[in-house]
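Visitor: Following this line is coords_31.cif, made up of mmCIF, C-alpha atoms:
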```cif
data_structure
loop_
_atom_site.label_atom_id
_atom_site.label_comp_id
_atom_site.auth_asym_id
_atom_site.auth_seq_id
_atom_site.Cartn_x
_atom_site.Cartn_y
_atom_site.Cartn_z
CA MET K 288 149.06 -61.46 -48.36
CA THR K 289 148.58 -58.13 -46.55
CA THR K 290 151.05 -56.55 -44.16
CA VAL K 291 150.18 -54.49 -41.10
CA GLN K 292 152.47 -51.47 -40.86
CA ASP K 293 153.19 -49.21 -37.87
CA VAL K 294 152.26 -45.57 -38.58
CA THR K 295 153.86 -43.01 -36.27
CA PHE K 296 153.00 -39.72 -38.04
CA ASP K 297 156.64 -38.75 -38.48
CA ASP K 298 158.38 -36.73 -41.22
CA ARG K 299 157.71 -39.43 -43.82
CA TYR K 300 153.99 -38.88 -43.33
CA PHE K 301 153.91 -35.09 -43.13
CA GLN K 302 156.30 -34.41 -46.01
CA ALA K 303 154.22 -36.39 -48.51
CA PRO K 304 150.99 -37.61 -46.87
CA ALA K 305 149.27 -38.74 -50.07
CA ALA K 306 152.19 -40.85 -51.26
CA PHE K 307 152.58 -42.30 -47.76
CA VAL K 308 148.99 -43.49 -47.40
CA ARG K 309 148.83 -44.67 -51.01
CA GLN K 310 151.62 -47.12 -50.20
CA LEU K 311 149.80 -48.16 -47.03
CA ALA K 312 146.65 -48.89 -49.04
CA LEU K 313 148.70 -51.13 -51.35
CA GLU K 314 150.08 -53.11 -48.42
CA GLY K 315 146.78 -53.73 -46.66
CA PRO K 316 143.42 -52.35 -45.57
CA ILE K 317 144.28 -51.81 -41.90
CA HIS K 318 147.41 -50.78 -39.97
CA ARG K 319 148.51 -49.84 -36.46
CA PHE K 320 149.00 -46.17 -35.59
CA THR K 321 150.61 -44.29 -32.74
CA ALA K 322 149.73 -40.61 -32.42
CA PRO K 323 151.37 -38.09 -30.08
CA HIS K 324 150.35 -38.30 -26.41
CA ARG K 325 150.47 -42.13 -26.55
CA VAL K 326 147.19 -42.60 -28.39
CA THR K 327 147.34 -45.89 -30.31
CA GLY K 328 144.87 -47.80 -32.43
CA TRP K 329 143.99 -49.04 -35.91
CA MET K 330 144.10 -47.02 -39.14
CA ILE K 331 141.78 -47.93 -42.02
CA THR K 332 143.28 -47.36 -45.49
CA ASN K 333 140.80 -49.16 -47.77
CA TYR K 334 137.84 -47.34 -49.35
CA GLU K 335 135.21 -50.05 -48.90
CA LEU K 336 136.37 -50.89 -45.38
CA ALA K 337 136.31 -47.18 -44.52
CA LYS K 338 132.65 -46.95 -45.57
CA THR K 339 131.88 -49.98 -43.43
CA VAL K 340 133.63 -48.61 -40.35
CA LEU K 341 132.00 -45.17 -40.64
CA THR K 342 128.58 -46.80 -40.23
CA HIS K 343 129.50 -49.80 -38.04
CA PRO K 344 127.20 -50.05 -34.98
CA ALA K 345 130.03 -51.36 -32.77
CA VAL K 346 132.45 -48.53 -33.71
CA ILE K 347 131.06 -45.46 -31.98
CA LYS K 348 131.58 -41.79 -31.21
CA THR K 349 131.76 -40.34 -27.68
CA PRO K 350 133.12 -37.02 -26.35
CA GLY K 351 136.32 -38.85 -25.48
CA THR K 352 136.85 -40.01 -29.05
CA MET K 353 137.50 -36.41 -30.09
CA VAL K 354 140.77 -36.44 -28.14
CA GLY K 355 141.65 -40.10 -27.58
CA LEU K 356 140.29 -40.28 -24.03
CA ARG K 357 139.06 -43.56 -22.54
CA SER K 358 137.34 -43.79 -19.19
CA ASN K 359 140.23 -45.83 -17.76
CA GLY K 360 143.93 -46.23 -18.32
CA VAL K 361 144.57 -42.76 -19.70
CA PRO K 362 148.10 -41.40 -19.21
CA ARG K 363 148.08 -38.72 -16.52
CA THR K 364 149.46 -36.09 -18.85
CA LEU K 365 146.64 -36.71 -21.32
CA ARG K 366 143.95 -36.58 -18.63
CA GLN K 367 145.38 -33.31 -17.32
CA ARG K 368 145.38 -31.96 -20.84
CA ILE K 369 141.71 -32.78 -21.33
CA ASP K 370 140.61 -31.52 -17.90
CA GLN K 371 142.46 -28.24 -18.23
CA THR K 372 141.53 -27.31 -21.76
CA LEU K 373 138.45 -28.89 -23.21
CA GLY K 374 136.15 -30.75 -20.85
CA SER K 375 132.44 -31.08 -21.42
CA TYR K 376 132.05 -27.50 -22.63
CA MET K 377 133.85 -28.18 -25.91
CA LEU K 378 133.31 -31.90 -26.49
CA THR K 379 129.58 -32.59 -26.19
CA HIS K 380 128.53 -31.81 -29.76
CA MET K 381 127.00 -33.72 -32.69
CA LEU K 382 130.34 -35.04 -33.96
CA ALA K 383 131.13 -36.55 -30.56
CA THR K 384 127.97 -38.58 -30.06
CA ASP K 385 125.70 -41.08 -31.79
CA PRO K 386 121.88 -41.21 -31.90
CA PRO K 387 119.63 -40.22 -30.31
CA ASP K 388 121.65 -37.25 -28.99
CA HIS K 389 123.40 -36.81 -32.33
CA ASP K 390 120.12 -36.30 -34.18
CA ARG K 391 118.87 -33.76 -31.63
CA LEU K 392 122.08 -31.72 -31.70
CA ARG K 393 122.39 -31.78 -35.48
CA ARG K 394 118.77 -30.72 -35.95
CA VAL K 395 119.21 -27.67 -33.70
CA ALA K 396 122.15 -26.36 -35.77
CA ALA K 397 121.10 -27.45 -39.27
CA ASP K 398 119.08 -24.53 -40.68
CA PRO K 399 121.98 -22.25 -41.81
CA PHE K 400 123.55 -25.16 -43.73
CA THR K 401 120.59 -26.28 -45.84
CA PRO K 402 120.93 -25.95 -49.64
CA ARG K 403 118.50 -23.03 -49.63
CA ALA K 404 120.35 -21.17 -46.86
CA VAL K 405 123.71 -21.66 -48.58
CA THR K 406 122.29 -20.40 -51.89
CA GLU K 407 120.92 -17.29 -50.18
CA ARG K 408 124.38 -16.58 -48.76
CA ILE K 409 126.13 -16.63 -52.15
CA PRO K 410 126.02 -12.83 -52.71
CA ARG K 411 127.58 -12.24 -49.29
CA ILE K 412 130.32 -14.84 -49.89
CA THR K 413 131.05 -13.23 -53.26
CA ASP K 414 131.22 -9.74 -51.75
CA ILE K 415 133.68 -10.80 -49.04
CA ALA K 416 135.83 -12.73 -51.53
CA ASP K 417 135.98 -9.74 -53.89
CA LYS K 418 137.02 -7.39 -51.10
CA LEU K 419 139.77 -9.74 -49.93
CA ILE K 420 141.07 -10.18 -53.47
CA ASP K 421 141.00 -6.41 -54.07
CA LYS K 422 143.27 -5.95 -51.05
CA MET K 423 145.98 -8.18 -52.55
CA ASP K 424 149.12 -6.48 -53.84
CA PRO K 425 149.84 -7.83 -57.36
CA THR K 426 153.31 -6.27 -57.39
CA GLN K 427 154.70 -8.96 -55.07
CA PRO K 428 154.09 -12.59 -54.14
CA VAL K 429 150.90 -13.11 -52.14
CA ASP K 430 150.16 -15.89 -49.66
CA LEU K 431 146.69 -17.16 -50.56
CA VAL K 432 146.26 -18.99 -47.27
CA SER K 433 146.48 -15.90 -45.06
CA THR K 434 144.89 -13.43 -47.49
CA LEU K 435 141.94 -15.49 -48.75
CA GLY K 436 141.90 -19.06 -47.45
CA VAL K 437 141.58 -18.16 -43.77
CA PRO K 438 139.68 -14.84 -43.62
CA LEU K 439 136.84 -15.75 -46.02
CA PRO K 440 135.49 -18.85 -44.22
CA VAL K 441 136.24 -17.42 -40.77
CA GLN K 442 134.13 -14.36 -41.53
CA ILE K 443 131.31 -16.43 -43.03
CA ILE K 444 131.01 -18.89 -40.14
CA ALA K 445 131.29 -16.04 -37.64
CA GLU K 446 128.40 -14.25 -39.38
CA ILE K 447 126.29 -17.43 -39.46
CA LEU K 448 126.76 -17.83 -35.74
CA GLY K 449 126.57 -14.14 -34.93
CA ILE K 450 130.11 -13.80 -33.57
CA PRO K 451 131.41 -10.20 -33.94
CA ALA K 452 133.82 -9.71 -36.84
CA ARG K 453 136.45 -8.27 -34.51
CA HIS K 454 137.06 -11.80 -33.19
CA SER K 455 137.93 -13.28 -36.60
CA ALA K 456 141.70 -13.25 -36.16
CA ARG K 457 141.44 -14.80 -32.68
CA ILE K 458 139.14 -17.51 -34.02
CA GLY K 459 141.63 -18.36 -36.76
CA ARG K 460 144.56 -18.60 -34.35
CA SER K 461 142.78 -20.61 -31.66
CA SER K 462 141.03 -23.05 -33.97
CA HIS K 463 144.36 -23.82 -35.64
CA VAL K 464 145.40 -25.36 -32.29
CA LEU K 465 142.08 -26.79 -31.10
CA GLY K 466 141.39 -28.39 -34.47
CA ASP K 467 144.17 -30.92 -33.93
CA VAL K 468 144.13 -31.91 -30.27
CA LEU K 469 145.94 -35.19 -30.95
CA SER K 470 149.17 -33.37 -31.71
CA SER K 471 148.88 -29.85 -30.22
CA GLY K 472 150.94 -29.10 -27.13
CA ILE K 473 149.37 -28.78 -23.69
CA SER K 474 150.25 -25.11 -23.19
CA GLU K 475 148.99 -24.28 -26.69
CA LEU K 476 145.70 -26.02 -25.95
CA ASN K 477 145.30 -24.19 -22.65
CA ARG K 478 145.77 -20.78 -24.27
CA ALA K 479 143.57 -21.55 -27.26
CA ALA K 480 140.77 -23.08 -25.18
CA PHE K 481 140.74 -20.10 -22.83
CA ASP K 482 140.58 -17.65 -25.73
CA PHE K 483 137.84 -19.65 -27.44
CA SER K 484 135.78 -19.89 -24.27
CA GLN K 485 135.95 -16.11 -23.81
CA ILE K 486 134.65 -15.51 -27.33
CA ILE K 487 131.88 -18.08 -27.00
CA LEU K 488 130.63 -17.13 -23.54
CA THR K 489 130.63 -13.38 -24.11
CA SER K 490 128.83 -13.85 -27.43
CA LEU K 491 126.20 -16.08 -25.79
CA ALA K 492 125.72 -13.56 -22.98
CA SER K 493 124.97 -10.81 -25.50
CA ARG K 494 122.27 -12.96 -27.16
CA ARG K 495 120.53 -13.55 -23.85
CA ILE K 496 120.06 -9.79 -23.70
CA ARG K 497 119.44 -9.00 -27.37
CA HIS K 498 117.99 -11.61 -29.76
CA ARG K 499 119.13 -11.49 -33.40
CA ASP K 500 118.63 -13.49 -36.59
CA ASP K 501 121.61 -15.78 -36.15
CA LEU K 502 122.49 -19.26 -34.92
CA LEU K 503 123.64 -18.01 -31.51
CA SER K 504 120.13 -16.73 -30.85
CA THR K 505 118.65 -20.04 -31.99
CA LEU K 506 120.92 -21.95 -29.63
CA VAL K 507 120.08 -19.64 -26.73
CA ASP K 508 116.35 -20.18 -27.40
CA GLU K 509 116.76 -23.96 -27.60
CA THR K 510 118.76 -23.92 -24.37
CA ARG K 511 115.97 -22.04 -22.61
CA ARG K 512 113.43 -24.56 -23.91
CA GLY K 513 115.51 -27.43 -22.55
CA GLN K 514 116.20 -28.91 -26.00
CA ILE K 515 119.96 -28.52 -25.56
CA ARG K 516 122.16 -28.18 -22.49
CA LEU K 517 124.53 -25.24 -21.99
CA SER K 518 127.56 -27.54 -22.36
CA GLU K 519 126.11 -28.80 -25.66
CA THR K 520 125.52 -25.23 -26.79
CA THR K 521 129.10 -24.12 -26.15
CA SER K 522 130.43 -27.35 -27.67
CA THR K 523 128.32 -26.87 -30.81
CA ILE K 524 129.61 -23.32 -31.23
CA ALA K 525 133.21 -24.48 -30.79
CA LEU K 526 132.72 -27.27 -33.33
CA LEU K 527 131.17 -24.97 -35.93
CA LEU K 528 133.83 -22.29 -35.48
CA ILE K 529 136.61 -24.83 -36.02
CA ALA K 530 135.10 -27.12 -38.64
CA GLY K 531 133.30 -24.22 -40.30
CA HIS K 532 136.50 -22.68 -41.54
CA GLU K 533 139.44 -25.11 -41.22
CA THR K 534 138.00 -27.42 -43.88
CA THR K 535 137.24 -24.57 -46.28
CA THR K 536 140.60 -22.91 -45.75
CA SER K 537 142.32 -26.14 -46.78
CA LEU K 538 139.94 -26.75 -49.68
CA ILE K 539 140.60 -23.32 -51.20
CA ALA K 540 144.39 -23.62 -50.97
CA ASN K 541 144.54 -27.27 -52.04
CA THR K 542 142.32 -26.64 -55.06
CA VAL K 543 144.36 -23.65 -56.21
CA LEU K 544 147.56 -25.69 -55.83
CA ASN K 545 146.14 -28.50 -57.97
CA LEU K 546 145.04 -26.00 -60.61
CA LEU K 547 148.49 -24.41 -60.75
CA GLU K 548 150.16 -27.81 -61.02
CA ASN K 549 147.82 -29.01 -63.77
CA PRO K 550 147.70 -26.44 -66.62
CA ALA K 551 144.97 -28.31 -68.51
CA GLU K 552 142.73 -28.14 -65.45
CA LEU K 553 143.51 -24.44 -65.01
CA ASP K 554 142.56 -23.80 -68.63
CA ARG K 555 139.34 -25.73 -68.10
CA ALA K 556 138.50 -23.58 -65.07
CA ARG K 557 139.25 -20.34 -66.90
CA ILE K 558 137.10 -21.27 -69.89
CA ASN K 559 134.20 -22.75 -67.96
CA PRO K 560 133.65 -21.73 -64.32
CA HIS K 561 131.21 -24.65 -63.95
CA ALA K 562 134.18 -26.99 -64.40
CA LEU K 563 135.33 -25.90 -60.96
CA GLU K 564 132.73 -28.14 -59.35
CA ALA K 565 134.45 -31.27 -60.69
CA ILE K 566 137.91 -29.81 -60.00
CA ILE K 567 136.94 -29.23 -56.38
CA ASP K 568 135.59 -32.80 -56.18
CA GLU K 569 138.87 -34.19 -57.48
CA THR K 570 140.79 -32.06 -54.98
CA LEU K 571 138.61 -33.50 -52.24
CA ARG K 572 139.66 -36.96 -53.39
CA ILE K 573 143.36 -36.39 -53.89
CA ASP K 574 144.03 -33.73 -51.20
CA PRO K 575 141.07 -33.81 -48.78
CA PRO K 576 141.06 -31.04 -46.17
CA GLN K 577 140.58 -33.66 -43.48
CA PRO K 578 142.95 -36.57 -44.13
CA THR K 579 141.53 -38.54 -41.19
CA ALA K 580 138.10 -38.80 -39.63
CA THR K 581 137.91 -38.18 -35.91
CA LEU K 582 138.56 -41.23 -33.76
CA ARG K 583 136.02 -43.94 -33.09
CA LEU K 584 135.94 -46.55 -30.31
CA THR K 585 135.03 -50.22 -30.53
CA THR K 586 132.36 -51.25 -28.02
CA GLU K 587 132.80 -55.00 -28.57
CA PRO K 588 135.26 -57.31 -30.35
CA VAL K 589 135.09 -56.81 -34.13
CA THR K 590 136.95 -58.09 -37.17
CA LEU K 591 138.03 -55.38 -39.61
CA GLY K 592 140.14 -56.02 -42.68
CA GLY K 593 140.99 -59.49 -41.43
CA GLN K 594 142.18 -58.19 -38.05
CA ASP K 595 140.52 -59.17 -34.79
CA ILE K 596 140.13 -56.02 -32.72
CA ALA K 597 139.20 -56.05 -29.05
CA ALA K 598 136.58 -53.88 -27.42
CA GLY K 599 137.88 -50.48 -26.30
CA GLU K 600 140.29 -49.97 -29.22
CA TRP K 601 140.66 -46.74 -31.19
CA VAL K 602 139.87 -46.80 -34.90
CA MET K 603 140.97 -44.01 -37.25
CA VAL K 604 139.66 -43.88 -40.81
CA SER K 605 142.13 -42.35 -43.27
CA LEU K 606 139.91 -40.37 -45.65
CA LEU K 607 143.06 -39.53 -47.61
CA ALA K 608 143.93 -43.21 -48.06
CA ALA K 609 140.35 -44.02 -49.11
CA GLY K 610 140.68 -41.53 -51.97
CA HIS K 611 144.05 -42.99 -52.98
CA ASP K 612 143.06 -46.65 -52.67
CA PRO K 613 144.08 -48.23 -56.02
CA SER K 614 141.37 -50.86 -55.60
CA ALA K 615 138.75 -48.10 -55.75
CA THR K 616 140.36 -45.57 -58.13
CA ASP K 617 142.46 -46.13 -61.26
CA ASN K 618 145.71 -44.15 -61.28
CA PRO K 619 144.85 -42.49 -57.95
CA GLU K 620 147.97 -40.33 -58.00
CA THR K 621 146.77 -38.55 -61.17
CA PHE K 622 144.63 -35.41 -60.88
CA GLU K 623 141.78 -35.91 -63.33
CA SER K 624 138.64 -33.85 -62.76
CA THR K 625 136.67 -35.65 -65.49
CA ARG K 626 137.11 -39.11 -63.93
CA LYS K 627 133.98 -41.11 -63.18
CA PRO K 628 133.11 -42.58 -60.83
CA ARG K 629 135.04 -40.68 -58.16
CA ARG K 630 135.27 -42.85 -55.05
CA SER K 631 136.25 -40.85 -52.00
CA LEU K 632 134.92 -39.91 -48.58
CA PRO K 633 136.21 -36.36 -47.99
CA PHE K 634 133.28 -35.29 -45.81
CA GLY K 635 132.76 -38.64 -44.13
CA HIS K 636 129.90 -41.09 -44.58
CA GLY K 637 126.71 -41.96 -42.76
CA ILE K 638 125.10 -39.91 -40.00
CA HIS K 639 128.29 -37.93 -39.33
CA PHE K 640 128.56 -36.68 -42.91
CA CYS K 641 129.77 -33.08 -42.62
CA LEU K 642 126.91 -30.66 -41.95
CA GLY K 643 128.74 -27.85 -43.75
CA ALA K 644 129.87 -29.76 -46.86
CA GLN K 645 127.82 -27.69 -49.30
CA LEU K 646 128.86 -24.43 -47.66
CA ALA K 647 132.54 -25.41 -47.92
CA ARG K 648 132.21 -26.33 -51.60
CA THR K 649 130.33 -23.11 -52.33
CA GLU K 650 132.85 -20.88 -50.58
CA ALA K 651 135.75 -22.57 -52.39
CA ARG K 652 134.04 -22.30 -55.77
CA ILE K 653 133.25 -18.61 -55.34
CA ALA K 654 136.67 -17.71 -53.95
CA ILE K 655 138.52 -19.41 -56.80
CA THR K 656 136.15 -18.15 -59.49
CA GLN K 657 136.61 -14.55 -58.35
CA LEU K 658 140.37 -15.02 -58.04
CA LEU K 659 140.70 -16.39 -61.59
CA THR K 660 138.39 -13.69 -62.95
CA LYS K 661 140.69 -10.95 -61.71
CA TYR K 662 144.00 -12.80 -62.08
CA PRO K 663 143.60 -15.43 -64.84
CA ASP K 664 147.37 -15.94 -65.20
CA ILE K 665 148.05 -16.63 -61.53
CA ALA K 666 151.13 -18.79 -60.95
CA LEU K 667 153.08 -20.39 -58.12
CA ALA K 668 155.71 -18.05 -56.70
CA THR K 669 157.90 -20.93 -55.52
CA ASP K 670 158.74 -24.49 -56.47
CA ARG K 671 156.67 -27.40 -55.15
CA PRO K 672 159.43 -28.82 -52.88
CA SER K 673 159.48 -25.52 -50.98
CA LEU K 674 155.83 -25.85 -49.96
CA ARG K 675 155.17 -27.23 -46.49
CA TRP K 676 152.13 -29.06 -45.22
CA ARG K 677 150.91 -28.29 -41.73
CA ARG K 678 152.06 -31.02 -39.30
CA SER K 679 148.51 -32.03 -38.49
CA ILE K 680 146.79 -35.37 -38.20
CA GLN K 681 143.35 -33.83 -38.53
CA PHE K 682 143.79 -31.29 -41.34
CA GLN K 683 145.73 -31.42 -44.59
CA ARG K 684 146.59 -27.81 -45.23
CA LEU K 685 149.48 -25.89 -46.67
CA GLU K 686 151.25 -23.57 -44.25
CA THR K 687 151.46 -20.99 -47.03
CA LEU K 688 150.69 -20.84 -50.75
CA PRO K 689 152.74 -18.04 -52.31
CA VAL K 690 151.54 -17.00 -55.78
CA THR K 691 152.18 -14.27 -58.28
CA LEU K 692 149.10 -12.38 -59.46
CA ARG K 693 148.84 -11.42 -63.12
#
```
Please re-express this file's structure in structure tokens.

Guide:
Amino acid sequence: MTTVQDVTFDDRYFQAPAAFVRQLALEGPIHRFTAPHRVTGWMITNYELAKTVLTHPAVIKTPGTMVGLRSNGVPRTLRQRIDQTLGSYMLTHMLATDPPDHDRLRRVAADPFTPRAVTERIPRITDIADKLIDKMDPTQPVDLVSTLGVPLPVQIIAEILGIPARHSARIGRSSHVLGDVLSSGISELNRAAFDFSQIILTSLASRRIRHRDDLLSTLVDETRRGQIRLSETTSTIALLLIAGHETTTSLIANTVLNLLENPAELDRARINPHALEAIIDETLRIDPPQPTATLRLTTEPVTLGGQDIAAGEWVMVSLLAAGHDPSATDNPETFESTRKPRRSLPFGHGIHFCLGAQLARTEARIAITQLLTKYPDIALATDRPSLRWRRSIQFQRLETLPVTLR
């Protein structure tokens, strides 16, 4: 007999998200959720059901699903929030639509994220990581989130797009807010959206004058050819700036934390850098950077996990719960990089599988390899209870990760 629980994203969730969703998965495959701003719907906590939902033809993506916006019945405060901050110029991208528009938008942006393109970028990623690590002061505790986790992926995605490096800090600050619109405050969203739009529009304007070998120039060309609308161009840039670093920032910090909490895994990584691939995979299962997939909307009545769901209901897939589902993974609370098979969905499933998954894995592997090469005896500079997870529905990331370098 399964039990449907009410999930409200309160302190119980944010203080120990993995333990929270693991218990949910034990109690049933589907539960009710209430997010801030009065967004309510169904949360999927079962691995197999999650895979089904992520490819279900009656559970779709639209621009409104990115922020919990229906065409009717939206609370006034939520509608104001959307109108004032995001609108069509940040929401009409590949993650917010299904085919055929999804395929067109993904194809336009795909080239820098192919396996070949990522491999060619490895020397540059390594160079940036080394420079950031060289700047660290080993005489005192260092926060790996702010010194390595944020600046490395921000600089890489900015270079891929062609955004000037001077905007990196602004990108990091603004995307921190815009990456979690379900729980960010209205005034925060307004400020962040305005700052983001300035960066995007001025960067696009420069490419209309001077073409370069970057994704901005490609998008400008495709806009001129009529393959992509201006609103889709700005939305695609916003998506890549946010997703292109938030996921990697979390993956770097979460992987280092798991290494420091599991000495045998740390020894394995020191001895054999290739072991990091499996360690990163296990981190993606146990502490995925994105604990939930973006919202989806039912277009007709469906039955999911034994629950009859009406048309027009929100569905949220817990990627974190899928990785901790005891019906899919033995001893899911145990970090074990050699486990096989590893059933998890950290980058989604189906057509919306993360475009930048390989880039994120590569950046994390290089950053951690270079860090362990220079500081093989790195250790936590605080106890685990003192660490705080960001209060985010969309991203599972440590606020800080203080370490001692030695």

Visitor: Selected by the PyMOL selection byres ((chain K and resi 427) around 10) in the shown coordinates: which residues, as a compact mmCIF listing (two decimals) with C-alpha atoms, in the coordinates of the input?

Guide:
```
# COMPACT_ATOMS: atom_id res chain seq x y z
CA MET K 423 145.98 -8.18 -52.55
CA ASP K 424 149.12 -6.48 -53.84
CA PRO K 425 149.84 -7.83 -57.36
CA THR K 426 153.31 -6.27 -57.39
CA PRO K 428 154.09 -12.59 -54.14
CA VAL K 429 150.90 -13.11 -52.14
CA ASP K 430 150.16 -15.89 -49.66
CA ALA K 668 155.71 -18.05 -56.70
CA PRO K 689 152.74 -18.04 -52.31
CA VAL K 690 151.54 -17.00 -55.78
CA THR K 691 152.18 -14.27 -58.28
CA LEU K 692 149.10 -12.38 -59.46
```

Visitor: Applying the PyMOL selection byres ((chain K and resi 662) around 10) to the file I just gave you, which residues come out? Please list them as a PyMOL selection string.

Guide: chain K and resi 420+425+656-661+663-666+691-693

Visitor: Take the residues just selected and output them with C-alpha atoms as an mmCIF file, in the frame of the given file.

Guide:
```
data_model
loop_
_atom_site.group_PDB
_atom_site.id
_atom_site.type_symbol
_atom_site.label_atom_id
_atom_site.label_comp_id
_atom_site.auth_asym_id
_atom_site.auth_seq_id
_atom_site.Cartn_x
_atom_site.Cartn_y
_atom_site.Cartn_z
ATOM 1 C CA ILE K 420 141.070 -10.180 -53.470
ATOM 2 C CA PRO K 425 149.840 -7.830 -57.360
ATOM 3 C CA THR K 656 136.150 -18.150 -59.490
ATOM 4 C CA GLN K 657 136.610 -14.550 -58.350
ATOM 5 C CA LEU K 658 140.370 -15.020 -58.040
ATOM 6 C CA LEU K 659 140.700 -16.390 -61.590
ATOM 7 C CA THR K 660 138.390 -13.690 -62.950
ATOM 8 C CA LYS K 661 140.690 -10.950 -61.710
ATOM 9 C CA PRO K 663 143.600 -15.430 -64.840
ATOM 10 C CA ASP K 664 147.370 -15.940 -65.200
ATOM 11 C CA ILE K 665 148.050 -16.630 -61.530
ATOM 12 C CA ALA K 666 151.130 -18.790 -60.950
ATOM 13 C CA THR K 691 152.180 -14.270 -58.280
ATOM 14 C CA LEU K 692 149.100 -12.380 -59.460
ATOM 15 C CA ARG K 693 148.840 -11.420 -63.120
#
```

Visitor: Out of K:Leu503, K:Gly531, K:Arg478, K:Ser490, which residue has the shortest atom-to-atom distance to Arg453 of chain K when counting only C-alpha atoms?

Guide: K:Ser490

Visitor: Find the residue from K:Ile317, K:Ile655, K:Leu642, K:Leu506 that sits nearest to Leu546 of chain K; use only C-alpha atoms when measuring.

Guide: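 Counting only C-alpha atoms, the residue closest to Leu546 of chain K is K:Ile655.
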
Visitor: If you count all atoms listed in the file, which residues fall within 7 Å of Ala651 of chain K, apart from same-chain ones fewer than 6 positions away, as an MDAnalysis selection string?

Guide: chainID K and resid 535 538:539

Visitor: Using the chain letters and residue numbers of this document, give as a compact mmCIF listing (two decimals) with C-alpha atoms, keeping the file's coordinate frame the residues selected by the PyMOL selection byres ((chain K and resi 465) around 8).

Guide:
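Output saved as expr.txt:
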```txt
# COMPACT_ATOMS: atom_id res chain seq x y z
CA SER K 461 142.78 -20.61 -31.66
CA SER K 462 141.03 -23.05 -33.97
CA HIS K 463 144.36 -23.82 -35.64
CA VAL K 464 145.40 -25.36 -32.29
CA GLY K 466 141.39 -28.39 -34.47
CA ASP K 467 144.17 -30.92 -33.93
CA VAL K 468 144.13 -31.91 -30.27
CA SER K 471 148.88 -29.85 -30.22
CA LEU K 476 145.70 -26.02 -25.95
CA ALA K 479 143.57 -21.55 -27.26
CA ALA K 480 140.77 -23.08 -25.18
CA ILE K 529 136.61 -24.83 -36.02
```

Visitor: I'd like to know which of K:Thr520, K:Thr489, K:Thr295, K:Thr339 is closest to Arg393 of chain K, using only C-alpha atoms.

Guide: K:Thr520

Visitor: Find the residue from K:Pro672, K:Pro387, K:Gly472, K:Pro633 that sits nearest to Val604 of chain K; use only C-alpha atoms when measuring.

Guide: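 Comparing K:Pro672, K:Pro387, K:Gly472, K:Pro633 against Val604 of chain K, the winner is K:Pro633.
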
Visitor: So how many Å separate atom CA of Trp329 of chain K and atom CA of His380 of chain K, to one decimal?

Guide: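 These atoms are spaced 24.0 Å apart.
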
Visitor: Ranking K:Val395, K:Ala654, K:Ala312, K:Leu527 by minimum distance to Ala445 of chain K and counting all atoms listed in the file, which one comes first?

Guide: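 For Ala445 of chain K, the nearest of the given residues is K:Leu527.
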
Visitor: Report, in Å to a single decimal, how far apart atom CA of Leu646 of chain K and atom CA of Leu563 of chain K are.

Guide: 14.9 Å
